[in-house]
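Data first, discussion second: the structure below is written as structure tokens.
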Amino acid sequence: MSLVQLYVPTEVSRDIIYQIGQLNLIQFRDLNSKVNEFQRSFVKELRRLDNVERQFNLFKKELDQREIPIKTFPYEHSIVAQSDIDEHVENAKLLEDRVLQLIDSTDSLYQKQKDLKQFKYTIQAVDHFFAANYAQQESYEDSALLSQLEAQGSSDTHTASFISGVISREKVGTLQQILWRVLRGNLYYHSEELVEPVYDVESKSYVNKNSFIIFSHGAIIYDRIKKICESLDADLYNVESTKNLRLGQLTDTEIKLGDLSTVLSQSENALSSELIMISRDLAKWWEVIAREKAVYKTMNLCDYDDSRKTLVAEGWIPTDEISTLTSTIKGADNSQTIPTIINVLDTTRTPPTFHRTNKFTNAFQNICDAYGIATYREVNPGLATVITFPFMFAIMFGDVGHGFILTLAAFTMVYNEKKLNAMKRDEIFDMAFSGRYILLLMGIFSMYTGLLYNDIFSRSMTLFSSGWEWPENFKVGETLHAKSVGTYVFGLDPAWHGSENALLFSNSYKMKLSVLMGYVHMSYSYVFSLVNYVHFNSVIDIVGNFIPGLLFMQGIFGYLSLCIVYKWTVNWYVVDKQPPGLLNMLISMFLSPGTIAEPLYEGQASVQMFLLVVALICVPWLLLLKPLYYKRKIDQEAHQYQQLPTDEDELSNNEVDVAHDDDDEGHEAHDFGDIMIHQVIHTIEFCLNCVSHTASYLRLWALSLAHAQLSTVLWSMTLGGAFYTPGLLGVIMVFFLFGMWFILTVCILVVMEGTSAMLHSLRLHWVESMSKFFEGEGTLYEPFGFNDLLGNVL
Amino acid sequence: MSGYTVIIVFIFVAALSTLAWIFAPKENRTVFRSSVILCLAMCYLMWAITYLAQLHPLEAPRRSDLRPEKHD
């Protein structure tokens with residue numbers, strides 16, 4: 001990483017920054033970090049573009065409401081001229097006005113339509129009400145009163161002898177109750193449901209409504225009823241009380257309604273054609289505006305020189321890409337009289353961490369970055385993760401069949417990479433897709449470990465000649481012991497499969513496997529810390545941290561691993577000795593040093609004493625050497641600069657400090673206490689972690705055993721049982737149980753178990769492996785570019 | 001077959017790793033070398049552990065559900 005400084009002439013600054021954005025190479029530094037966001041140079045331009053984006057958002061809202069899809073094509077973007085941007089801004093303004101006007105007019109038309117419709121229904125409801133009561137005139141006395149009322153109404157011009165209107169259905173009960181209480185029951189109330197819901201413009205939804213008629217007496221009471229109705233958002237309509245007049249009103253309303261709907265459909269059409277036109281280009285416009293905004297935001301990070309003739313920008317760039325930058329900028333402004341100047345700066349600042357990845361390594365890098373961004377120039381754990389992550393997974397997931405299913409799924413994604421990449425993916429599928437190469441390796445390694453475990457869907461394969469021989473002559477039901485005739489060449493001997501003591505063997509095998517694998521993985525990771533110390537030229541860290549740590553770890557767990565392997569290589573029947581329990585050996589090495597109950601080899605007592613002493617020496621070594629070294633150094637420095645600074649000096653020093661504070665990071669000053677506390681924590685953590693992390697690798701054993709057992713159980717519970725049923729029933733059972741077995745295999749054993757094994761593998765990397773060397777105090781390199789500006793809006 | 005198989009295969013794997021180191025492609029050289037060699041090493045380790053675990057078995061498989069083969 002290098003820090004470069006660019007002097008860009010103001011006239012071409014926008015174009016140059018745009019070109020740099022297309023390169024996607026420089027991470028610009030904020031040179032105005034002390035300047036308020038609102039006081040920067042290009043706030044005005046940004047405001048203008050923000051406004052355009054707001055307008056675009058409005059269009060998008062309208063489009064979404066009408067479910068018009070926004071067309072997105074991969075557009076070719078070149079530098080857009082300033083005048084084009086102005087045109088976009090103008091255009092957006094015009095379109096906004098037009099769309100808003102159209103929306104307004106359609107809304108008001110909808111409002112009118114709603115009114116007319118409700119009026120129509122009210123008239124009809126009143127009509128129904130009177131008609132029904134006429135029909136029953138003989139049986140009801142009070143309806144006679146009604147007819148009187150109607151007859152009276154026909155002669156009288158006073159139409160407000162009843163109140164009619166429309167109210168939302170939810171409020172019908174409330175209205176009724178309130179009226180009853182207020183008028184103390186002195187009213188006649190009738191309500192009828194409208195046949196269709198009415199469109200409400202304000203809430204943009206269809207609302208179920210009821211029409212109602214209220215009879216009462218007295219003008220004051222009518223006023224009161226009206227007020228109550230209006231407070232409940234009811235719409236009141238004056239309906240004529242005589243049949244003929246009502247008929248006239250009805251036809252009138254229907255004619256108006258007919259006219260209105262033609263106008264309405266026309267303005268609707270105009271609006272949607274306008275919106276469709278917008279939908280065709282919106283994505284393109286938006287991209288242009290978003291890019292323009294990104295450019296101005298970047299220019300806000302830059303500094304002006306005093307004469308405001310040139311823009312000064314600083315940013316991080318990968319050192320090997322400087323030539324690309326230079327040639328691009330040269331090509332862009334050879335017509336200019338004042339050239340753009342590129343300067344590479346010397347700096348003590350820590351650059352951001354950049355690991356160049358390709359489509360294969362990207363997902364693995366993401367696994368490590370999710371835990372922490374590596375400190376600049378420290379070993380990138382992503383490199384080893386490429387293999388160790390899928391392999392640790394495979395140790396837990398070992399089964400040829402399940403591995404094959406996983407491989408197939410991953411291979412399909414890899415094979416159709418281009419097609420799937422262009423597709424819009426949902427969240428879960430996107431996760432699987434971005435990790436397709438991880439899945440592929442996980443599948444392949446699972447097949448390998450499956451071969452070693454000799455498991456294919458929990459069945460075994462006899463690929464080579466077995467190392468065990470069963471006796472020839474025996475009776476049915478007799479307990480048989482196999483005789484060893486050799487060693488199975490590749491993987492677990494199939495003779496173990498189905499034997500009564502299979503678990504006894506596979507338990508011991510898988511436990512030792514996981515301890516050995518864990519030990520190797522941790523030692524491998526620990527060596528990375530040496531690589532780091534060598535790179536940063538830190539001799540004290542090698543002597544005070546790496547060497548005692550290495551001796552401690554190897555003395556205990558390296559020794560244990562060596563003993564495990566050694567014990568395997570001895571033929572205990574030939575030497576005619578009791579094979580020792582290694583776990584007890586390790587425990588008694590600490591609890592009763594020097595006494596060996598069951599010797600593994602000669603001179604074991606003295607070797608173990610020696611290792612114990614070494615481990616015990618390592619602890620204070622690890623604890624004290626580094627802090628004492630720094631204490632000495634601090635003391636020496638104190639001797640060298642004995643003269644105390646005068647007040648004046650201090651003052652001027654402070655000024656210089658303030659001035660430099662902006663440019664360079666000062667060296668962090670540590671005193672002895674800080675270093676000591678840090679080292680104490682490190683020592684305790686390291687020694688305890690050696691034990692707990694080794695134990696943590698036993699999860700490899702537990703999960704692989706659980707996986708194997710679960711698949712055995714699934715087999716015997718479903719498909720395995722079906723094979724013993726004879727006849728047609730057996731055929732049908734095999735058919736259906738196969739389906740069940742296969743679905744459960746995929747869902748539970750591959751997907752669910754796979755996820756859990758993956759999480760465990762993740763933990764082994766983040767905690768057990770990366771804690772051995774990883775500092776993770778870096779910042780991510782995020783170059784300025786135009787990738788995925790609209791990812792979350794369109 | 002004896003314990004020496006493990007050593008012979010180790011030499012073989014080491015030779016393969018050397019070849020992978022030498023004939024690594026120019027592009028992505030570090031990733032290629034580290035991945036291939038690490039992969040070979042882990043596969044070898046896993047195999048060797050499995051092989052060694054069965055080299056001098058302390059326990060023999062035991063079962064009582066076998067049926068004698070019929071010799072007609």
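In the structure tokens, each chain is lettered A, B, ... as it comes, each chain's residues begin at 1, and ligands are numbered from 1 in order of appearance.
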- Message: Show me, as a ChimeraX atom specification, the residues that have an atom within 12 Å of Ile49 (chain B) when counting only C-alpha atoms, minus same-chain residues fewer than 4 positions from it.
- Response: /A:449,452-453,489-492,508-517,561-562,564-569 /B:3,6,42-45,53-55
- Could you give me the residues within region 14-260 of chain A that DSSP places in helix (DSSP H, G or I), as JSON, numbers by chain? {"A": [14, 15, 16, 17, 18, 19, 20, 21, 22, 23, 37, 38, 39, 43, 44, 45, 46, 47, 48, 49, 50, 51, 52, 53, 54, 55, 56, 57, 58, 59, 60, 61, 62, 63, 64, 65, 82, 83, 84, 85, 86, 87, 88, 89, 90, 91, 92, 93, 94, 95, 96, 97, 98, 99, 100, 101, 102, 103, 104, 105, 106, 107, 108, 109, 110, 111, 112, 113, 114, 115, 116, 117, 118, 119, 120, 121, 122, 123, 124, 125, 126, 127, 128, 129, 130, 131, 132, 133, 134, 135, 141, 142, 143, 144, 145, 146, 147, 148, 149, 150, 151, 152, 153, 154, 155, 169, 170, 171, 172, 173, 174, 175, 176, 177, 178, 179, 180, 181, 182, 219, 220, 221, 222, 223, 224, 225, 226, 227, 228, 229, 230, 231, 243, 244, 245, 246, 247, 248, 249, 250, 251, 252, 253, 254, 255, 256, 257, 258, 259, 260]}
Counting only C-alpha atoms, chain B residues within 7 Å of chain A, as a JSON list (two decimals) with N, CA, C and O atoms, in the first residue's frame:
```json
[["chain", "number", "residue", "atom", "x", "y", "z"],
["B", 1, "MET", "N", 2.94, -55.57, 4.55],
["B", 1, "MET", "CA", 2.58, -54.24, 5.05],
["B", 1, "MET", "C", 3.11, -54.05, 6.47],
["B", 1, "MET", "O", 2.87, -54.86, 7.35],
["B", 3, "GLY", "N", 4.91, -50.82, 9.33],
["B", 3, "GLY", "CA", 4.98, -49.40, 9.67],
["B", 3, "GLY", "C", 5.75, -48.59, 8.65],
["B", 3, "GLY", "O", 5.56, -47.38, 8.56],
["B", 31, "VAL", "N", -1.19, -18.92, -3.55],
["B", 31, "VAL", "CA", -2.41, -19.63, -3.19],
["B", 31, "VAL", "C", -2.31, -21.08, -3.67],
["B", 31, "VAL", "O", -2.64, -22.01, -2.94],
["B", 35, "SER", "N", -2.18, -24.10, -1.02],
["B", 35, "SER", "CA", -3.37, -24.94, -0.98],
["B", 35, "SER", "C", -3.04, -26.39, -1.32],
["B", 35, "SER", "O", -3.45, -27.30, -0.61],
["B", 38, "LEU", "N", -0.78, -27.99, 1.43],
["B", 38, "LEU", "CA", -1.54, -28.16, 2.66],
["B", 38, "LEU", "C", -2.55, -29.29, 2.51],
["B", 38, "LEU", "O", -2.74, -30.12, 3.42],
["B", 39, "CYS", "N", -3.18, -29.34, 1.35],
["B", 39, "CYS", "CA", -4.17, -30.38, 1.08],
["B", 39, "CYS", "C", -3.52, -31.75, 1.10],
["B", 39, "CYS", "O", -4.00, -32.68, 1.76],
["B", 47, "TRP", "N", -4.73, -40.13, 6.55],
["B", 47, "TRP", "CA", -4.55, -41.52, 6.17],
["B", 47, "TRP", "C", -3.57, -42.22, 7.11],
["B", 47, "TRP", "O", -3.82, -43.33, 7.59],
["B", 49, "ILE", "N", -2.74, -41.52, 10.15],
["B", 49, "ILE", "CA", -3.30, -41.76, 11.49],
["B", 49, "ILE", "C", -4.20, -42.98, 11.46],
["B", 49, "ILE", "O", -4.13, -43.86, 12.33],
["B", 50, "THR", "N", -5.04, -43.06, 10.42],
["B", 50, "THR", "CA", -5.95, -44.20, 10.31],
["B", 50, "THR", "C", -5.18, -45.50, 10.15],
["B", 50, "THR", "O", -5.50, -46.53, 10.75],
["B", 51, "TYR", "N", -4.13, -45.44, 9.36],
["B", 51, "TYR", "CA", -3.34, -46.64, 9.11],
["B", 51, "TYR", "C", -2.62, -47.09, 10.38],
["B", 51, "TYR", "O", -2.65, -48.27, 10.76],
["B", 52, "LEU", "N", -1.99, -46.11, 11.04],
["B", 52, "LEU", "CA", -1.24, -46.43, 12.26],
["B", 52, "LEU", "C", -2.15, -46.97, 13.35],
["B", 52, "LEU", "O", -1.76, -47.86, 14.12],
["B", 53, "ALA", "N", -3.36, -46.43, 13.43],
["B", 53, "ALA", "CA", -4.28, -46.87, 14.47],
["B", 53, "ALA", "C", -4.61, -48.35, 14.33],
["B", 53, "ALA", "O", -5.02, -49.00, 15.29],
["B", 54, "GLN", "N", -4.48, -48.88, 13.12],
["B", 54, "GLN", "CA", -4.82, -50.28, 12.89],
["B", 54, "GLN", "C", -3.60, -51.18, 12.71],
["B", 54, "GLN", "O", -3.73, -52.36, 12.40],
["B", 55, "LEU", "N", -2.44, -50.56, 12.89],
["B", 55, "LEU", "CA", -1.22, -51.31, 12.60],
["B", 55, "LEU", "C", -1.02, -52.45, 13.59],
["B", 55, "LEU", "O", -0.80, -53.60, 13.20],
["B", 56, "HIS", "N", -1.09, -52.15, 14.87],
["B", 56, "HIS", "CA", -0.95, -53.18, 15.89],
["B", 56, "HIS", "C", -2.17, -53.15, 16.77],
["B", 56, "HIS", "O", -2.14, -52.57, 17.86],
["B", 60, "ALA", "N", -9.81, -56.90, 18.80],
["B", 60, "ALA", "CA", -10.25, -57.55, 17.56],
["B", 60, "ALA", "C", -11.75, -57.39, 17.41],
["B", 60, "ALA", "O", -12.47, -57.39, 18.42],
["B", 61, "PRO", "N", -12.24, -57.24, 16.19],
["B", 61, "PRO", "CA", -13.70, -57.14, 16.02],
["B", 61, "PRO", "C", -14.38, -58.42, 16.49],
["B", 61, "PRO", "O", -13.86, -59.52, 16.29],
["B", 62, "ARG", "N", -15.55, -58.24, 17.11],
["B", 62, "ARG", "CA", -16.25, -59.37, 17.71],
["B", 62, "ARG", "C", -17.69, -59.30, 17.28],
["B", 62, "ARG", "O", -18.30, -58.23, 17.28],
["B", 63, "ARG", "N", -18.23, -60.42, 16.79],
["B", 63, "ARG", "CA", -19.66, -60.42, 16.47],
["B", 63, "ARG", "C", -20.22, -61.82, 16.62],
["B", 63, "ARG", "O", -19.51, -62.81, 16.51],
["B", 64, "SER", "N", -21.52, -61.88, 16.87],
["B", 64, "SER", "CA", -22.13, -63.19, 17.08],
["B", 64, "SER", "C", -23.33, -63.38, 16.16],
["B", 64, "SER", "O", -24.16, -64.24, 16.39],
["B", 65, "ASP", "N", -23.45, -62.54, 15.11],
["B", 65, "ASP", "CA", -24.61, -62.68, 14.22],
["B", 65, "ASP", "C", -24.20, -63.26, 12.87],
["B", 65, "ASP", "O", -24.94, -63.15, 11.90],
["B", 66, "LEU", "N", -23.01, -63.89, 12.80],
["B", 66, "LEU", "CA", -22.60, -64.47, 11.52],
["B", 66, "LEU", "C", -23.26, -65.83, 11.30],
["B", 66, "LEU", "O", -23.52, -66.56, 12.26],
["B", 67, "ARG", "N", -23.54, -66.12, 10.03],
["B", 67, "ARG", "CA", -24.05, -67.45, 9.68],
["B", 67, "ARG", "C", -22.99, -68.15, 8.84],
["B", 67, "ARG", "O", -22.38, -67.51, 7.98],
["B", 68, "PRO", "N", -22.77, -69.46, 9.09],
["B", 68, "PRO", "CA", -21.74, -70.17, 8.30],
["B", 68, "PRO", "C", -22.16, -70.22, 6.83],
["B", 68, "PRO", "O", -23.36, -70.29, 6.51]]
```
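CA of Glu775 (chain A) lies 24.6 Å from CA of Gly558 (chain A).
Interatomic distance, CA of Glu196 (chain A) against CA of Thr242 (chain A): 25.8 Å.
Put simply, CA of Phe433 (chain A) is 24.1 Å away from CA of Asn24 (chain A).
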Do you know which residues are at most 10 Å from Ile456 (chain A) counting only C-alpha atoms, after dropping those on the same chain fewer than 2 positions away, and could you put them as a PDB file with N, CA, C and O atoms, in the first residue's frame?
```
ATOM      1  N   GLY A 398     -17.479 -36.823   7.716  1.00  0.00           N
ATOM      2  CA  GLY A 398     -16.982 -37.864   6.823  1.00  0.00           C
ATOM      3  C   GLY A 398     -18.006 -38.907   6.419  1.00  0.00           C
ATOM      4  O   GLY A 398     -18.421 -39.735   7.229  1.00  0.00           O
ATOM      5  N   ASP A 399     -18.445 -38.830   5.181  1.00  0.00           N
ATOM      6  CA  ASP A 399     -19.320 -39.854   4.617  1.00  0.00           C
ATOM      7  C   ASP A 399     -19.314 -39.659   3.110  1.00  0.00           C
ATOM      8  O   ASP A 399     -19.592 -38.565   2.621  1.00  0.00           O
ATOM      9  N   VAL A 400     -18.976 -40.719   2.380  1.00  0.00           N
ATOM     10  CA  VAL A 400     -18.840 -40.575   0.931  1.00  0.00           C
ATOM     11  C   VAL A 400     -20.159 -40.115   0.311  1.00  0.00           C
ATOM     12  O   VAL A 400     -20.186 -39.215  -0.526  1.00  0.00           O
ATOM     13  N   GLY A 401     -21.259 -40.717   0.759  1.00  0.00           N
ATOM     14  CA  GLY A 401     -22.561 -40.396   0.168  1.00  0.00           C
ATOM     15  C   GLY A 401     -22.966 -38.958   0.434  1.00  0.00           C
ATOM     16  O   GLY A 401     -23.317 -38.225  -0.497  1.00  0.00           O
ATOM     17  N   HIS A 402     -22.888 -38.554   1.694  1.00  0.00           N
ATOM     18  CA  HIS A 402     -23.288 -37.183   2.036  1.00  0.00           C
ATOM     19  C   HIS A 402     -22.358 -36.171   1.383  1.00  0.00           C
ATOM     20  O   HIS A 402     -22.798 -35.127   0.903  1.00  0.00           O
ATOM     21  N   GLY A 403     -21.082 -36.514   1.361  1.00  0.00           N
ATOM     22  CA  GLY A 403     -20.115 -35.651   0.691  1.00  0.00           C
ATOM     23  C   GLY A 403     -20.431 -35.512  -0.779  1.00  0.00           C
ATOM     24  O   GLY A 403     -20.310 -34.427  -1.357  1.00  0.00           O
ATOM     25  N   PHE A 404     -20.886 -36.610  -1.387  1.00  0.00           N
ATOM     26  CA  PHE A 404     -21.200 -36.580  -2.813  1.00  0.00           C
ATOM     27  C   PHE A 404     -22.388 -35.662  -3.087  1.00  0.00           C
ATOM     28  O   PHE A 404     -22.370 -34.879  -4.047  1.00  0.00           O
ATOM     29  N   MET A 447     -15.854 -36.557   1.014  1.00  0.00           N
ATOM     30  CA  MET A 447     -15.789 -37.856   0.335  1.00  0.00           C
ATOM     31  C   MET A 447     -14.482 -38.562   0.695  1.00  0.00           C
ATOM     32  O   MET A 447     -14.451 -39.770   0.902  1.00  0.00           O
ATOM     33  N   GLY A 450     -14.750 -39.689   4.195  1.00  0.00           N
ATOM     34  CA  GLY A 450     -15.727 -40.783   4.178  1.00  0.00           C
ATOM     35  C   GLY A 450     -15.078 -42.084   3.764  1.00  0.00           C
ATOM     36  O   GLY A 450     -15.361 -43.145   4.320  1.00  0.00           O
ATOM     37  N   LEU A 451     -14.184 -41.996   2.773  1.00  0.00           N
ATOM     38  CA  LEU A 451     -13.454 -43.194   2.349  1.00  0.00           C
ATOM     39  C   LEU A 451     -12.592 -43.721   3.491  1.00  0.00           C
ATOM     40  O   LEU A 451     -12.501 -44.928   3.718  1.00  0.00           O
ATOM     41  N   TYR A 453     -13.121 -43.205   6.738  1.00  0.00           N
ATOM     42  CA  TYR A 453     -14.001 -43.750   7.771  1.00  0.00           C
ATOM     43  C   TYR A 453     -14.738 -44.990   7.260  1.00  0.00           C
ATOM     44  O   TYR A 453     -15.441 -45.641   8.006  1.00  0.00           O
ATOM     45  N   ASN A 454     -14.624 -45.247   5.953  1.00  0.00           N
ATOM     46  CA  ASN A 454     -15.311 -46.360   5.303  1.00  0.00           C
ATOM     47  C   ASN A 454     -16.826 -46.267   5.517  1.00  0.00           C
ATOM     48  O   ASN A 454     -17.479 -47.223   5.918  1.00  0.00           O
ATOM     49  N   SER A 458     -23.630 -44.516   5.744  1.00  0.00           N
ATOM     50  CA  SER A 458     -23.496 -45.372   6.931  1.00  0.00           C
ATOM     51  C   SER A 458     -23.246 -46.836   6.581  1.00  0.00           C
ATOM     52  O   SER A 458     -23.140 -47.670   7.474  1.00  0.00           O
ATOM     53  N   ARG A 459     -23.148 -47.191   5.326  1.00  0.00           N
ATOM     54  CA  ARG A 459     -22.753 -48.555   4.945  1.00  0.00           C
ATOM     55  C   ARG A 459     -21.245 -48.609   4.762  1.00  0.00           C
ATOM     56  O   ARG A 459     -20.598 -47.556   4.671  1.00  0.00           O
ATOM     57  N   SER A 460     -20.674 -49.797   4.681  1.00  0.00           N
ATOM     58  CA  SER A 460     -19.222 -49.871   4.482  1.00  0.00           C
ATOM     59  C   SER A 460     -18.904 -50.464   3.110  1.00  0.00           C
ATOM     60  O   SER A 460     -19.756 -51.061   2.468  1.00  0.00           O
ATOM     61  N   MET A 461     -17.680 -50.208   2.661  1.00  0.00           N
ATOM     62  CA  MET A 461     -17.245 -50.752   1.377  1.00  0.00           C
ATOM     63  C   MET A 461     -16.010 -51.605   1.622  1.00  0.00           C
ATOM     64  O   MET A 461     -15.160 -51.252   2.435  1.00  0.00           O
ATOM     65  N   ALA A 708     -21.907 -40.220  12.220  1.00  0.00           N
ATOM     66  CA  ALA A 708     -21.933 -41.623  11.803  1.00  0.00           C
ATOM     67  C   ALA A 708     -23.091 -42.362  12.471  1.00  0.00           C
ATOM     68  O   ALA A 708     -23.822 -43.127  11.818  1.00  0.00           O
ATOM     69  N   SER A 711     -26.531 -41.341  11.022  1.00  0.00           N
ATOM     70  CA  SER A 711     -26.840 -41.904   9.708  1.00  0.00           C
ATOM     71  C   SER A 711     -27.092 -43.407   9.813  1.00  0.00           C
ATOM     72  O   SER A 711     -27.914 -43.946   9.075  1.00  0.00           O
TER      73      SER A 711
END
```
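Between Thr310 (chain A) and the candidates A:Lys359, A:Arg14, A:Lys117, A:Lys243, the tightest atom-to-atom separation, counting only C-alpha atoms, involves A:Arg14.
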- Message: as a PyMOL selection string, please: every residue in region 407-595 of chain A that DSSP puts in strand (DSSP E).
- Response: chain A and resi 468-469+480-481+483-484
- Task: Excluding Val13 (chain B) and any residue of its chain fewer than 6 positions from it, enumerate the residues within 10 Å of it, using only C-alpha atoms, and give them as an MDAnalysis selection string.
- Result: chainID B and resid 7 19 37 40:41 43:44
Any chance you could export the current selection's N, CA, C and O atoms as a compact mmCIF listing (two decimals), in the first residue's frame?
```
# COMPACT_ATOMS: atom_id res chain seq x y z
N ILE B 7 6.17 -44.33 6.13
CA ILE B 7 7.34 -43.52 5.74
C ILE B 7 7.47 -43.46 4.22
O ILE B 7 7.74 -42.40 3.65
N LEU B 19 6.96 -31.27 -6.36
CA LEU B 19 6.55 -31.05 -7.74
C LEU B 19 5.54 -29.91 -7.81
O LEU B 19 5.62 -29.04 -8.68
N ILE B 37 -0.17 -28.04 -1.27
CA ILE B 37 0.71 -28.73 -0.32
C ILE B 37 -0.01 -28.98 0.99
O ILE B 37 0.07 -30.07 1.58
N LEU B 40 -2.37 -31.88 0.41
CA LEU B 40 -1.65 -33.17 0.41
C LEU B 40 -1.25 -33.56 1.82
O LEU B 40 -1.42 -34.72 2.24
N ALA B 41 -0.78 -32.56 2.58
CA ALA B 41 -0.30 -32.86 3.93
C ALA B 41 -1.45 -33.36 4.80
O ALA B 41 -1.30 -34.33 5.54
N CYS B 43 -4.35 -34.68 3.88
CA CYS B 43 -4.84 -35.98 3.43
C CYS B 43 -3.88 -37.08 3.89
O CYS B 43 -4.30 -38.15 4.36
N TYR B 44 -2.59 -36.80 3.78
CA TYR B 44 -1.60 -37.79 4.21
C TYR B 44 -1.72 -38.06 5.70
O TYR B 44 -1.74 -39.22 6.14
```
- Using only C-alpha atoms, which of A:Ala370, A:Ile163, A:Leu179, A:Leu780 sits nearest Trp766 (chain A)? A:Ala370
